[in-house]
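Please read the structure below before turning to the comments.
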2 protein chains.
Amino acid sequence: MRDVAAAAGVDVSTVSKVLSGAAISVRAETRARIEQAAAELRYRPDASARSLRLSRTGAIGMLVPDFTNAVWSGIVRSAVHEAEAQGRVVLIAEMDPDQSPAGYLHLVHERRIDGLLVATARDQSSLVAELEHDSVPHVFVNRRGGERSLSVLVDDEAGAVAGTRALIEAGHTRIGLIGGPPDIDTSRRRFDGFERTRTAAGLPDPVVTSGPYSAPGGYRAAQELLAAPGPRPTAVLAANLMMALGALAAFAEAGVGVPGDMSMVAYDDAELAGFTQPAMTTVAMPHQEMGSIAVRLLERVLAGEPAESIVVPTPPRLIERDSIAPPRAS
Amino acid sequence: MRDVAAAAGVDVSTVSKVLSGAAISVRAETRARIEQAAAELRYRPDASARSLRLSRTGAIGMLVPDFTNAVWSGIVRSAVHEAEAQGRVVLIAEMDPDQSPAGYLHLVHERRIDGLLVATARDQSSLVAELEHDSVPHVFVNRRGGERSLSVLVDDEAGAVAGTRALIEAGHTRIGLIGGPPDIDTSRRRFDGFERTRTAAGLPDPVVTSGPYSAPGGYRAAQELLAAPGPRPTAVLAANLMMALGALAAFAEAGVGVPGDMSMVAYDDAELAGFTQPAMTTVAMPHQEMGSIAVRLLERVLAGEPAESIVVPTPPRLIERDSIAPPRAS
DNA sequence: ATACTCGCGTCAATCGATTGATTTCGCTTC
DNA sequence: GAAGCGAAATCAATCGATTGACGCGAGTAT
């Protein structure tokens with residue numbers, strides 16, 4: 001900035017005022033000279049110096065439980081793009097629930113960020129306490145964060161309803177659920193949507209199994225479902241795409257044909273779903289939008305504007321592929 | 001820091017010297033008092049102020065072409081963990097080859113980072129020029145970056161050799177290749193490994209098709225392969241797991257049984273590979289390690305130590321599942 | 001007793017940008 | 001021609017940490 005000032009023949013403070021867009025009185029001619037000098041020297045303000053002076057870093061942090069999970073990486077992508085559009089940068093840390101939150105500590109305690117997007121796994125009560133103690137502005141993403149914390153969610157319940165309804169409309173009455181971990185609130189909401197729809201349709205008690213949101217989790221849950229006493233379901237809703245893929249493998253191994261013997265719908269969509277055998281019918285949730293909405297919400301919080309939790313308004317969308325068939329006439 | 005100094009009854013400069021571990025003359029008793037005060041006040045130095053003074057941010061940047069790709073997200077994960085272990089934070093940006101590198105500009109031009117991990121897609125020559133112009137210390141990851149740039153790679157050629165050899169050992173002589181985009185150097189190296197092994201075994205010219213590293217890419221490449229003139233291969237090496245999944249769908253659709261009519265090996269492993277029908281035999285590459293090795297290499301560069309490009313020494317590992325069978329007796 | 005050294009700390013400048021207070025400039029008015 | 005008044009630009013303090021130069025007091029050598 002000193003160089004720019006010298007080149008334009010003015011004081012650095014004038015340069016600062018012009019470039020920061022302060023609406024103060026500067027002659028148009030001076031302004032032009034400064035802007036030209038700045039452009040020629042390719043001047044860009046130093047982030048550290050600005051942060052120090054303004055107590056505002058221009059960066060946001062993002063805590064993610066697992067990058068390699070496609071749902072999270074999609075959220076990260078949209079958050080990063082939105083942040084970029086806002087002129088912010090994103091600091092990222094993976095937060096394993098069992099490990100010490102070293103990344104978090106760096107970000108927050110060294111004041112590297114203005115605010116935080118939180119997408120932790122499992123219990124976040126201790127984290128919430130810490131966030132409040134450190135008074136870090138934050139927004140939970142795809143997770144509820146407790147009474148006083150803001151969050152951005154998708155309508156998991158509506159998604160589960162859409163998936164379940166598709167199976168009912170195909171004529172199924174014995175519908176099972178392959179659910180996610182019961183202690184995660186997204187899987188509870190999906191369960192609720194499933195149950196609500198089933199009950200409303202007057203269908204009998206279902207077989208419900210559960211496991212982690214992963215292919216092995218779905219594989220085992222599907223085996224359990226097949227081994228459960230009572231009449232076997234003719235259709236299942238899988239609460240997560242990866243679980244659905246695991247279940248598909250379990251069904252294939254057990255000689256249960258999809259969709260002939262067992263119709264399936266998976267919650268969550270991804271390109272991959274079009275390449276399973278058979279191609280999987282899914283409920284696409286607007287996960288992509290969550291990241292950018294979360295950034296915008298956090299931006300409001302940082303600006304001190306009133307803000308409240310958001311459920312992404314884009315409705316779930318059923319993507320019909322080949323994993324649903326009418327129940328076999330028995 | 002001022003508070004710590006007051007609490008310990010010393011000057012801030014003394015606090016700074018003690019806490020930054022400078023080996024200067026400070027009485028043990030004074031040192032203890034300062035450390036205790038710092039601990040009680042939970043003092044942590046302000047990153048902006050340090051950066052400003054030291055011209056060193058303690059952050060590294062990472063440019064990734066696509067978060068949602070499992071290979072990249074694995075690399076990101078290990079890089080983030082390694083950086084954390086080194087007391088650094090990671091700033092992330094997604095760099096779409098077709099878009100303006102806004103994220104890059106923020107990171108580099110505002111001096112937010114000390115160095116950069118680069119994993120761009122396609123042509124990086126203009127990026128290299130820019131990196132050199134801005135004199136940003138950098139390391140390419142899973143990509144070659146030109147003459148003067150350092151890079152961290154896995155032995156793609158050896159991986160392709162291992163996969164091809166597995167098919168040859170099962171008795172196949174007509175082996176096709178479903179390759180990646182010809183303009184990416186990783187796919188060239190995989191091609192070379194394939195060709196070298198094939199030639200060494202004296203096998204006839206193969207059918208080679210290619211496409212993007214994705215399921216649709218593999219699907220189309222597999223269709224092309226089936227439609228190619230001449231005798232149909234009895235086995236294929238897919239240069240990427242996602243392509244293999246797409247190919248599997250194409251084969252299923254065409255009534256080509258795997259592994260009965262067509263054996264397959266996929267380059268790259270992931271949990272998912274165990275849940276296809278049939279479960280896919282893969283060549284696991286040490287992608288996970290690349291991130292942490294890249295961070296360590298960058299660290300050397302930043303420290304001004306001599307450094308050179310690295311090929312991750314962990315050898316590729318064949319993970320045998322169910323997608324290889326002997327060729328059908330014809 | 002004076003000079004000198006050495007251990008222990010403090011002083012003060014510095015990094016680059018921001019901003020309220022202040023000065024300078026250009027012009028009008030009496 | 002001096003006073004007055006905005007407008008335009010500069011001054012200087014500030015953010016928090018770092019670090020070389022310096023000061024002080026105690027002990028040692030001469």
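To be explicit about the labels: the chains of the structure tokens are called A, B, and onward in the order shown, and within each one the residues are counted from 1, while ligands get numbers from 1 in the order they are shown.
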Select from chain B every residue with an atom at most 8 Å from any atom of chain A, then for each give the shortest pair of atoms and their distance in Å to one decimal, using only C-alpha atoms, rows by chain and rising number, as a tab-separated table.
```
residue	atom	partner	partner_atom	distance
B:Arg44	CA	A:Glu110	CA	6.0
B:Pro45	CA	A:Glu110	CA	6.0
B:Asp46	CA	A:Glu110	CA	5.0
B:Ala47	CA	A:Glu110	CA	5.3
B:Ser48	CA	A:Ser48	CA	4.7
B:Ala49	CA	A:Leu52	CA	5.7
B:Ser51	CA	A:Ser48	CA	5.9
B:Leu52	CA	A:Ser48	CA	5.3
B:Thr57	CA	A:Ser48	CA	7.9
B:Phe67	CA	A:Ser73	CA	5.7
B:Thr68	CA	A:Ser73	CA	5.2
B:Asn69	CA	A:Ala70	CA	8.0
B:Ala70	CA	A:Thr68	CA	5.8
B:Ser73	CA	A:Thr68	CA	5.2
B:Gly74	CA	A:Thr68	CA	6.0
B:Val76	CA	A:Phe67	CA	7.8
B:Arg77	CA	A:Phe67	CA	6.5
B:Val80	CA	A:Ala93	CA	6.7
B:His81	CA	A:Glu94	CA	7.8
B:Glu84	CA	A:Gly103	CA	6.1
B:Gly87	CA	A:His106	CA	7.8
B:Arg88	CA	A:His106	CA	8.0
B:Val89	CA	A:Leu91	CA	7.0
B:Val90	CA	A:Leu91	CA	5.6
B:Leu91	CA	A:Leu91	CA	4.5
B:Ile92	CA	A:Val90	CA	6.0
B:Ala93	CA	A:Val80	CA	6.7
B:Glu94	CA	A:Arg77	CA	7.3
B:Ala102	CA	A:Glu84	CA	7.0
B:Gly103	CA	A:Glu84	CA	6.1
B:His106	CA	A:Val89	CA	7.2
B:Leu107	CA	A:Val89	CA	7.4
B:His109	CA	A:Arg44	CA	6.3
B:Glu110	CA	A:Asp46	CA	5.0
B:Arg111	CA	A:Asp46	CA	6.1
B:Arg112	CA	A:Ala47	CA	6.1
B:Ala215	CA	A:Leu272	CA	6.8
B:Leu245	CA	A:Phe275	CA	6.6
B:Gly246	CA	A:Phe275	CA	5.8
B:Leu248	CA	A:Phe275	CA	7.9
B:Ala249	CA	A:Phe275	CA	5.5
B:Ala252	CA	A:Gln277	CA	7.6
B:Glu271	CA	A:Ala215	CA	7.6
B:Leu272	CA	A:Ala215	CA	6.8
B:Phe275	CA	A:Ala249	CA	5.5
B:Thr276	CA	A:Ala249	CA	6.5
B:Gln277	CA	A:Ala249	CA	6.6
```
Contacts from chain D to chain A, 10 Å maximum, only C-alpha atoms (C1' of nucleotides): show me the residue list as a PDB file with C-alpha atoms (C1' of nucleotides), in the first residue's frame.
```
ATOM      1  C1'  DA D   7     -13.427  19.868   0.851  1.00  0.00           C
ATOM      2  C1'  DA D   8      -9.381  17.176   0.439  1.00  0.00           C
ATOM      3  C1'  DA D   9      -5.678  15.115   2.218  1.00  0.00           C
ATOM      4  C1'  DT D  10      -2.416  13.933   6.011  1.00  0.00           C
ATOM      5  C1'  DC D  11      -1.179  12.594  10.883  1.00  0.00           C
ATOM      6  C1'  DT D  14      -3.881   1.282  16.939  1.00  0.00           C
ATOM      7  C1'  DC D  15      -4.390  -3.933  16.379  1.00  0.00           C
ATOM      8  C1'  DG D  16      -0.848  -8.135  18.953  1.00  0.00           C
TER       9       DG D  16
END
```
Near segment 3-6 of chain C, within 10 Å and counting only C-alpha atoms (C1' of nucleotides), which residues show up once chain neighbours fewer than 5 positions away are dropped, as number ranges by chain? D: 26-30
Okay, now the selection with N, CA and C atoms (P, O5', C5', C4', C3', O3' and C1' of nucleotides), as a JSON list (two decimals), in the first residue's frame?
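File written: out20.json
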```json
[["chain", "number", "residue", "atom", "x", "y", "z"],
["D", 26, "DA", "P", 22.12, -5.36, 43.12],
["D", 26, "DA", "O5'", 23.03, -6.62, 42.80],
["D", 26, "DA", "C5'", 22.43, -7.80, 42.24],
["D", 26, "DA", "C4'", 23.51, -8.73, 41.79],
["D", 26, "DA", "C3'", 24.66, -8.87, 42.79],
["D", 26, "DA", "O3'", 25.05, -10.24, 42.85],
["D", 26, "DA", "C1'", 25.51, -8.14, 40.71],
["D", 27, "DG", "P", 26.02, -10.75, 44.00],
["D", 27, "DG", "O5'", 27.30, -11.21, 43.17],
["D", 27, "DG", "C5'", 27.14, -12.17, 42.11],
["D", 27, "DG", "C4'", 28.35, -12.10, 41.20],
["D", 27, "DG", "C3'", 29.69, -12.26, 41.94],
["D", 27, "DG", "O3'", 30.46, -13.25, 41.27],
["D", 27, "DG", "C1'", 29.73, -10.33, 40.58],
["D", 28, "DT", "P", 31.83, -13.77, 41.93],
["D", 28, "DT", "O5'", 32.89, -13.13, 40.93],
["D", 28, "DT", "C5'", 32.79, -13.40, 39.53],
["D", 28, "DT", "C4'", 33.86, -12.62, 38.80],
["D", 28, "DT", "C3'", 35.26, -12.75, 39.41],
["D", 28, "DT", "O3'", 36.18, -13.09, 38.37],
["D", 28, "DT", "C1'", 34.69, -10.47, 39.09],
["D", 29, "DA", "P", 37.65, -13.57, 38.71],
["D", 29, "DA", "O5'", 38.49, -12.43, 38.00],
["D", 29, "DA", "C5'", 38.17, -12.05, 36.66],
["D", 29, "DA", "C4'", 38.83, -10.72, 36.34],
["D", 29, "DA", "C3'", 40.31, -10.64, 36.74],
["D", 29, "DA", "O3'", 41.04, -10.05, 35.67],
["D", 29, "DA", "C1'", 39.12, -8.84, 37.71],
["D", 30, "DT", "P", 42.65, -10.05, 35.70],
["D", 30, "DT", "O5'", 42.97, -8.55, 36.06],
["D", 30, "DT", "C5'", 42.40, -7.50, 35.26],
["D", 30, "DT", "C4'", 42.74, -6.16, 35.89],
["D", 30, "DT", "C3'", 44.19, -6.04, 36.39],
["D", 30, "DT", "O3'", 44.76, -4.81, 35.93],
["D", 30, "DT", "C1'", 42.69, -5.38, 38.09]]
```
d(atom CA of Ile293 of chain A, atom CA of Ser149 of chain A) in Å: 15.6 Å
What are the residues of chain C lining chain A at 10 Å or less? Count only C-alpha atoms (C1' of nucleotides), and put the answer as a ChimeraX atom specification. /C:15-19
Leaving out Pro233 of chain A and any residue of its chain fewer than 2 positions from it, which residues lie within 6 Å of it when counting only C-alpha atoms (C1' of nucleotides), given as a list in words? Arg174, Ile175, Gly176 and Ala235 of chain A
Enumerate, as number ranges by chain, the complete set of residues in segment 27-178 of chain B that a backbone-based DSSP assignment places in alpha helix (DSSP H). B: 28-40, 47-54, 70-85, 102-109, 125-133, 156-169
What does the distance between atom CA of Ala325 of chain B and atom CA of Met262 of chain B come to in Å, to one decimal place? 8.0 Å
